[in-house]
Amino acid sequence: MSHSHDLYLSRLDEARPVTSRQDPVVHSRAQHRWSGPLDEVSLSRYERDGYLWLEGFFSEESMQPFFQALKDMAADSDLMESEQVIADPASGAIRSVFGMHEISERFSRLTRDPRLLGIARQLLGSEVYIHQSRINDKFGFQGSGFDWHSDFETWHAEDGMPRMRAVSVSLMLTDNNEFNGPLMVIPGSHQYFVPCVGKTPDANWRSSLKKQEAGVPDKDTLAILAGRGGIVAPKGPAGSLLLFECNLLHASNENMSPWPRSNLFFVYNSVENKLDEPYAAPGRRPEFLGARKNTEPLQMYDYYPELAGQGVRPLQ
Ligand code: 6CS
Ligand code: FE
């Protein structure tokens with residue numbers, strides 16, 4: 001089914017000019033119902049840059065159990081055979097496991113941490129659900145990179161996400177340094193929609209999760225946007241958090257260091273922005289890439305249920 005009107009045309013036969021985004025960046029402005037943990041300075045920085053880097057958000061020690069979860073999953077042969085596990089093209093070892101929030105209770109709790117869920121509701125100005133989640137394990141001396149792209153461009157074209165009202169959270173499980181292929185972003189690029197040339201192939205996701213071919217902006221546009229906003233590769237210890245707006249241009253280099261770069265990645269989408277039919281693809285993608293069933297509003301978990309009702313809530 002084609003859409004009568006598409007604000008964000010892409011995957012075209014020929015180039016079209018860059019347009020301005022047609023959506024707010026912070027959706028809760030002037031809606032005090034959605035106040036949250038971020039102060040005005042952080043909101044304004046997110047609005048301007050399209051991302052926020054929260055160094056040391058969690059302790060490094062608290063990241064360890066997620067590695068254990070990855071090891072436990074590697075022992076689950078049925079899971080390892082499923083399409084939601086992407087093996088590293090070189091070594092065959094696990095590169096990504098999608099749908100982590102539905103496999104691991106620990107991961108599910110993380111998405112419902114009051115601090116993260118509070119930030120997501122504040123930025124998106126509504127109740128939210130998880131559009132996509134995954135754990136990435138990028139080993140040393142490999143771990144191919146990803147070309148420049150906007151996640152929203154993919155989610156709009158291939159998953160039918162109507163508007164720019166989603167935010168990605170990348171939680172560093174390992175240190176992010178300049179050598180192990182950290183994520184790079186172009187600050188301010190989220191303010192523009194960059195139409196991409198090239199039709200979406202059938203079942204594109206079977207290759208795009210290893211290498212992004214369709215949905216890569218042209219080099220001239222990338223040069224202009226990087227010329228304006230520069231390129232930033234946030235670095236810091238395991239436990240640090242990167243929040244980035246769904247339309248922010250980002251990429252990553254190959255990991256040429258001996259050190260792994262692993263992260264948890266999950267996307268909050270507004271319940272007002274649920275997936276429609278793809279805007280520029282032959283067919284829908286699997287549920288683990290774009291949730292269509294499990295889209296109820298997420299509920300915060302109680303840090304200390306045993307203290308519920310006693311008014312005590314120690315900081316964690
Ligand atoms: O296609 C997707 O949904 C995934 N691909 C990339 C390159 N980034 C976002 C997302 O995880
Ligand atoms: Fe991406």
# chains A, B, ... in the order shown; residues from 1 in each chain; ligands from 1

call {"tool": "residues_around", "arguments": {"residues": "Asn273 of chain A", "least_positions_apart": "4", "cutoff": "8 Å", "atoms": "only C-alpha atoms", "output": "list in words"}}
result
Met161, Pro162, Arg163, Arg165 and Asn269 of chain A

call {"tool": "residues_near_ligand", "arguments": {"ligand": "ligand 1", "cutoff": "8 Å", "atoms": "only C-alpha atoms and all ligand atoms", "output": "MDAnalysis selection string"}}
result
chainID A and resid 132:134 146:147 149:151 154:155 205 208:209 211:212 265 289:290

call {"tool": "write_last_selection", "arguments": {"atoms": "all heavy atoms", "output": "short mmCIF file (atom, residue, chain, number, x, y, z; two decimals), in the first residue's frame"}}
result
data_model
loop_
_atom_site.label_atom_id
_atom_site.label_comp_id
_atom_site.auth_asym_id
_atom_site.auth_seq_id
_atom_site.Cartn_x
_atom_site.Cartn_y
_atom_site.Cartn_z
N GLN A 132 13.02 -1.21 18.76
CA GLN A 132 14.07 -2.18 18.38
C GLN A 132 15.12 -2.21 19.50
O GLN A 132 15.34 -1.17 20.14
CB GLN A 132 14.74 -1.72 17.08
CG GLN A 132 15.83 -2.66 16.57
CD GLN A 132 16.56 -2.08 15.37
OE1 GLN A 132 17.74 -1.72 15.46
NE2 GLN A 132 15.90 -1.97 14.24
N SER A 133 15.70 -3.37 19.72
CA SER A 133 16.80 -3.44 20.70
C SER A 133 17.81 -4.47 20.21
O SER A 133 17.47 -5.35 19.42
CB SER A 133 16.28 -3.85 22.08
OG SER A 133 15.97 -5.25 22.10
N ARG A 134 19.06 -4.31 20.67
CA ARG A 134 20.05 -5.33 20.34
C ARG A 134 21.28 -5.16 21.22
O ARG A 134 21.49 -4.10 21.80
CB ARG A 134 20.44 -5.24 18.89
CG ARG A 134 21.30 -4.05 18.54
CD ARG A 134 21.70 -4.13 17.09
NE ARG A 134 22.56 -3.02 16.73
CZ ARG A 134 22.67 -2.57 15.48
NH1 ARG A 134 21.98 -3.14 14.52
NH2 ARG A 134 23.46 -1.59 15.20
N PHE A 146 30.17 0.88 9.83
CA PHE A 146 28.91 1.18 9.17
C PHE A 146 29.03 2.53 8.49
O PHE A 146 29.57 3.47 9.09
CB PHE A 146 27.76 1.25 10.19
CG PHE A 146 26.95 -0.01 10.21
CD1 PHE A 146 27.01 -0.89 11.27
CD2 PHE A 146 26.12 -0.31 9.13
CE1 PHE A 146 26.27 -2.06 11.28
CE2 PHE A 146 25.37 -1.49 9.13
CZ PHE A 146 25.45 -2.36 10.21
N ASP A 147 28.50 2.60 7.26
CA ASP A 147 28.57 3.87 6.53
C ASP A 147 27.60 4.88 7.14
O ASP A 147 26.70 4.51 7.92
CB ASP A 147 28.20 3.61 5.05
CG ASP A 147 28.94 4.59 4.14
OD1 ASP A 147 29.19 5.73 4.60
OD2 ASP A 147 29.26 4.22 3.00
N HIS A 149 24.57 7.14 7.93
CA HIS A 149 23.13 7.00 7.67
C HIS A 149 22.34 7.62 8.80
O HIS A 149 22.88 7.88 9.89
CB HIS A 149 22.76 5.51 7.56
CG HIS A 149 22.97 4.78 8.85
ND1 HIS A 149 24.23 4.34 9.27
CD2 HIS A 149 22.12 4.46 9.85
CE1 HIS A 149 24.12 3.77 10.46
NE2 HIS A 149 22.87 3.83 10.85
N SER A 150 21.05 7.86 8.50
CA SER A 150 20.07 8.27 9.52
C SER A 150 19.22 7.05 9.80
O SER A 150 18.66 6.45 8.87
CB SER A 150 19.17 9.38 8.95
OG SER A 150 17.87 9.33 9.54
N ASP A 151 19.10 6.66 11.06
CA ASP A 151 18.25 5.51 11.38
C ASP A 151 16.81 5.77 10.97
O ASP A 151 16.12 4.90 10.46
CB ASP A 151 18.31 5.21 12.88
CG ASP A 151 19.66 4.62 13.27
OD1 ASP A 151 20.41 4.18 12.37
OD2 ASP A 151 19.97 4.59 14.48
N THR A 154 15.95 4.84 7.49
CA THR A 154 15.68 3.40 7.33
C THR A 154 14.34 3.02 7.94
O THR A 154 13.54 2.33 7.32
CB THR A 154 16.79 2.58 8.03
OG1 THR A 154 18.01 2.74 7.31
CG2 THR A 154 16.44 1.11 8.11
N TRP A 155 14.07 3.50 9.15
CA TRP A 155 12.84 3.10 9.85
C TRP A 155 11.60 3.65 9.15
O TRP A 155 10.54 3.02 9.17
CB TRP A 155 12.91 3.56 11.30
CG TRP A 155 14.02 2.90 12.06
CD1 TRP A 155 14.62 1.71 11.75
CD2 TRP A 155 14.70 3.38 13.22
NE1 TRP A 155 15.63 1.44 12.64
CE2 TRP A 155 15.69 2.44 13.56
CE3 TRP A 155 14.55 4.53 14.01
CZ2 TRP A 155 16.53 2.61 14.66
CZ3 TRP A 155 15.38 4.69 15.11
CH2 TRP A 155 16.37 3.74 15.42
N TRP A 205 17.11 -6.15 4.66
CA TRP A 205 17.66 -6.26 6.03
C TRP A 205 18.64 -7.43 6.15
O TRP A 205 19.52 -7.41 7.01
CB TRP A 205 16.54 -6.41 7.05
CG TRP A 205 15.66 -7.61 6.85
CD1 TRP A 205 14.58 -7.70 6.03
CD2 TRP A 205 15.83 -8.89 7.44
NE1 TRP A 205 14.05 -8.97 6.07
CE2 TRP A 205 14.79 -9.72 6.94
CE3 TRP A 205 16.73 -9.44 8.35
CZ2 TRP A 205 14.63 -11.05 7.32
CZ3 TRP A 205 16.59 -10.78 8.74
CH2 TRP A 205 15.56 -11.56 8.22
N SER A 208 21.64 -5.43 5.08
CA SER A 208 21.90 -4.07 5.61
C SER A 208 22.38 -4.11 7.06
O SER A 208 23.01 -3.18 7.54
CB SER A 208 20.62 -3.22 5.52
OG SER A 208 19.63 -3.72 6.41
N LEU A 209 22.06 -5.20 7.77
CA LEU A 209 22.50 -5.26 9.17
C LEU A 209 23.99 -5.56 9.25
O LEU A 209 24.61 -5.42 10.29
CB LEU A 209 21.70 -6.31 9.94
CG LEU A 209 20.18 -6.04 9.97
CD1 LEU A 209 19.46 -7.14 10.72
CD2 LEU A 209 19.87 -4.69 10.59
N LYS A 211 26.04 -4.50 6.36
CA LYS A 211 26.63 -3.36 5.65
C LYS A 211 25.50 -2.53 5.04
O LYS A 211 24.65 -3.04 4.32
CB LYS A 211 27.55 -3.87 4.52
CG LYS A 211 28.27 -2.78 3.75
CD LYS A 211 29.37 -3.33 2.85
CE LYS A 211 30.02 -2.29 1.93
NZ LYS A 211 30.08 -0.92 2.41
N GLN A 212 25.48 -1.24 5.37
CA GLN A 212 24.41 -0.34 4.91
C GLN A 212 24.69 0.05 3.46
O GLN A 212 25.68 0.71 3.17
CB GLN A 212 24.40 0.91 5.81
CG GLN A 212 23.29 1.89 5.51
CD GLN A 212 22.06 1.67 6.38
OE1 GLN A 212 22.01 0.72 7.15
NE2 GLN A 212 21.07 2.51 6.24
N PHE A 265 21.92 -1.47 22.61
CA PHE A 265 21.31 -0.43 21.78
C PHE A 265 19.81 -0.66 21.83
O PHE A 265 19.35 -1.78 21.61
CB PHE A 265 21.82 -0.60 20.34
CG PHE A 265 21.16 0.26 19.31
CD1 PHE A 265 21.65 1.52 19.00
CD2 PHE A 265 20.03 -0.19 18.63
CE1 PHE A 265 21.03 2.31 18.03
CE2 PHE A 265 19.42 0.59 17.66
CZ PHE A 265 19.92 1.85 17.37
N LEU A 289 12.98 -6.35 14.22
CA LEU A 289 13.63 -5.10 13.74
C LEU A 289 12.71 -3.91 13.92
O LEU A 289 13.17 -2.78 14.10
CB LEU A 289 14.01 -5.24 12.26
CG LEU A 289 15.21 -6.15 11.97
CD1 LEU A 289 15.45 -6.26 10.46
CD2 LEU A 289 16.46 -5.64 12.67
N GLY A 290 11.44 -4.15 13.87
CA GLY A 290 10.48 -3.04 14.03
C GLY A 290 9.21 -3.57 14.69
O GLY A 290 8.40 -4.23 14.05
#

call {"tool": "select_by_dssp", "arguments": {"residues": "segment 112-197 of chain A", "states": "strand (DSSP E or B)", "output": "ChimeraX atom specification"}}
result
/A:128-138,146-150,166-172,176,183-185,192-193,197

call {"tool": "select_by_dssp", "arguments": {"residues": "segment 65-112 of chain A", "states": "helix (DSSP H, G or I)", "output": "NGL selection string"}}
result
:A and (65-74 or 77-81 or 100-103 or 105-111)

call {"tool": "write_last_selection", "arguments": {"atoms": "N, CA and C atoms", "output": "JSON list (two decimals), in the first residue's frame"}}
result
[["chain", "number", "residue", "atom", "x", "y", "z"],
["A", 65, "PRO", "N", 27.18, -8.09, 34.11],
["A", 65, "PRO", "CA", 26.13, -9.12, 33.94],
["A", 65, "PRO", "C", 25.58, -9.19, 32.51],
["A", 66, "PHE", "N", 25.70, -8.08, 31.76],
["A", 66, "PHE", "CA", 25.18, -8.13, 30.38],
["A", 66, "PHE", "C", 26.04, -9.03, 29.50],
["A", 67, "PHE", "N", 27.35, -9.06, 29.83],
["A", 67, "PHE", "CA", 28.23, -9.97, 29.08],
["A", 67, "PHE", "C", 27.86, -11.41, 29.38],
["A", 68, "GLN", "N", 27.51, -11.65, 30.65],
["A", 68, "GLN", "CA", 27.11, -13.00, 31.04],
["A", 68, "GLN", "C", 25.85, -13.40, 30.27],
["A", 69, "ALA", "N", 24.93, -12.41, 30.13],
["A", 69, "ALA", "CA", 23.68, -12.70, 29.39],
["A", 69, "ALA", "C", 24.02, -13.11, 27.96],
["A", 70, "LEU", "N", 25.02, -12.45, 27.38],
["A", 70, "LEU", "CA", 25.43, -12.77, 26.00],
["A", 70, "LEU", "C", 26.00, -14.19, 25.94],
["A", 71, "LYS", "N", 26.80, -14.56, 26.94],
["A", 71, "LYS", "CA", 27.39, -15.92, 26.99],
["A", 71, "LYS", "C", 26.26, -16.95, 27.14],
["A", 72, "ASP", "N", 25.28, -16.65, 28.01],
["A", 72, "ASP", "CA", 24.15, -17.60, 28.22],
["A", 72, "ASP", "C", 23.40, -17.79, 26.90],
["A", 73, "MET", "N", 23.24, -16.70, 26.17],
["A", 73, "MET", "CA", 22.50, -16.80, 24.90],
["A", 73, "MET", "C", 23.29, -17.64, 23.89],
["A", 74, "ALA", "N", 24.61, -17.52, 23.94],
["A", 74, "ALA", "CA", 25.43, -18.27, 22.98],
["A", 74, "ALA", "C", 25.25, -19.78, 23.20],
["A", 77, "SER", "N", 21.15, -22.93, 21.49],
["A", 77, "SER", "CA", 21.34, -23.23, 20.07],
["A", 77, "SER", "C", 20.14, -22.79, 19.22],
["A", 78, "ASP", "N", 18.91, -22.91, 19.77],
["A", 78, "ASP", "CA", 17.75, -22.45, 18.98],
["A", 78, "ASP", "C", 17.88, -20.96, 18.67],
["A", 79, "LEU", "N", 18.23, -20.20, 19.71],
["A", 79, "LEU", "CA", 18.36, -18.74, 19.51],
["A", 79, "LEU", "C", 19.47, -18.47, 18.49],
["A", 80, "MET", "N", 20.58, -19.20, 18.64],
["A", 80, "MET", "CA", 21.72, -18.95, 17.75],
["A", 80, "MET", "C", 21.36, -19.23, 16.28],
["A", 81, "GLU", "N", 20.37, -20.11, 16.08],
["A", 81, "GLU", "CA", 19.97, -20.43, 14.69],
["A", 81, "GLU", "C", 18.98, -19.39, 14.15],
["A", 100, "MET", "N", 16.63, -8.07, 22.25],
["A", 100, "MET", "CA", 17.16, -8.41, 23.59],
["A", 100, "MET", "C", 16.15, -8.12, 24.69],
["A", 101, "HIS", "N", 15.33, -7.09, 24.51],
["A", 101, "HIS", "CA", 14.41, -6.71, 25.60],
["A", 101, "HIS", "C", 13.31, -7.75, 25.78],
["A", 102, "GLU", "N", 13.20, -8.65, 24.77],
["A", 102, "GLU", "CA", 12.18, -9.71, 24.89],
["A", 102, "GLU", "C", 12.82, -11.04, 25.25],
["A", 103, "ILE", "N", 14.14, -11.08, 25.27],
["A", 103, "ILE", "CA", 14.85, -12.33, 25.59],
["A", 103, "ILE", "C", 15.36, -12.29, 27.03],
["A", 105, "GLU", "N", 15.47, -10.63, 30.85],
["A", 105, "GLU", "CA", 14.76, -9.84, 31.88],
["A", 105, "GLU", "C", 15.65, -8.66, 32.32],
["A", 106, "ARG", "N", 16.95, -8.90, 32.40],
["A", 106, "ARG", "CA", 17.86, -7.83, 32.81],
["A", 106, "ARG", "C", 17.80, -6.68, 31.81],
["A", 107, "PHE", "N", 17.75, -7.03, 30.55],
["A", 107, "PHE", "CA", 17.70, -6.00, 29.50],
["A", 107, "PHE", "C", 16.35, -5.29, 29.54],
["A", 108, "SER", "N", 15.28, -6.09, 29.74],
["A", 108, "SER", "CA", 13.94, -5.49, 29.81],
["A", 108, "SER", "C", 13.87, -4.48, 30.95],
["A", 109, "ARG", "N", 14.45, -4.84, 32.11],
["A", 109, "ARG", "CA", 14.44, -3.89, 33.25],
["A", 109, "ARG", "C", 15.19, -2.62, 32.89],
["A", 110, "LEU", "N", 16.29, -2.78, 32.16],
["A", 110, "LEU", "CA", 17.09, -1.59, 31.80],
["A", 110, "LEU", "C", 16.23, -0.61, 31.01],
["A", 111, "THR", "N", 15.41, -1.15, 30.08],
["A", 111, "THR", "CA", 14.59, -0.23, 29.26],
["A", 111, "THR", "C", 13.52, 0.44, 30.10]]

call {"tool": "atom_distance", "arguments": {"atom1": "atom CA of Met300 of chain A", "atom2": "atom CA of Ser262 of chain A"}}
result
25.5 Å

call {"tool": "residues_around", "arguments": {"residues": "Ser10 of chain A", "least_positions_apart": "5", "cutoff": "8 Å", "atoms": "only C-alpha atoms", "output": "count of residues only"}}
result
8

call {"tool": "residues_around", "arguments": {"residues": "Gly236 of chain A", "least_positions_apart": "6", "cutoff": "7 Å", "atoms": "only C-alpha atoms", "output": "CSV table (one decimal) with N, CA, C and O atoms, in the first residue's frame"}}
result
chain,number,residue,atom,x,y,z
A,55,GLU,N,28.5,10.6,30.4
A,55,GLU,CA,29.7,9.7,30.8
A,55,GLU,C,29.5,9.2,32.2
A,55,GLU,O,29.0,9.8,33.1
A,175,ASP,N,34.8,0.1,27.3
A,175,ASP,CA,35.3,1.5,27.1
A,175,ASP,C,35.2,1.8,25.6
A,175,ASP,O,35.4,1.0,24.7
A,176,ASN,N,34.9,3.1,25.3
A,176,ASN,CA,34.8,3.6,23.9
A,176,ASN,C,36.0,4.5,23.8
A,176,ASN,O,36.1,5.6,24.5
A,177,ASN,N,37.0,4.1,23.0
A,177,ASN,CA,38.2,5.0,22.8
A,177,ASN,C,38.3,5.3,21.3
A,177,ASN,O,37.6,4.7,20.5

call {"tool": "atom_distance", "arguments": {"atom1": "atom CA of Glu47 of chain A", "atom2": "atom CA of Gly145 of chain A"}}
result
26.9 Å

call {"tool": "closest_residue", "arguments": {"among": "A:Leu249, A:Ala291, A:Val271, A:Ala226", "to": "ligand 2", "atoms": "only C-alpha atoms and all ligand atoms"}}
result
A:Leu249

call {"tool": "residues_around", "arguments": {"residues": "Ser189 of chain A", "least_positions_apart": "3", "cutoff": "7 Å", "atoms": "only C-alpha atoms", "output": "MDAnalysis selection string"}}
result
chainID A and resid 186 192 225 248:249
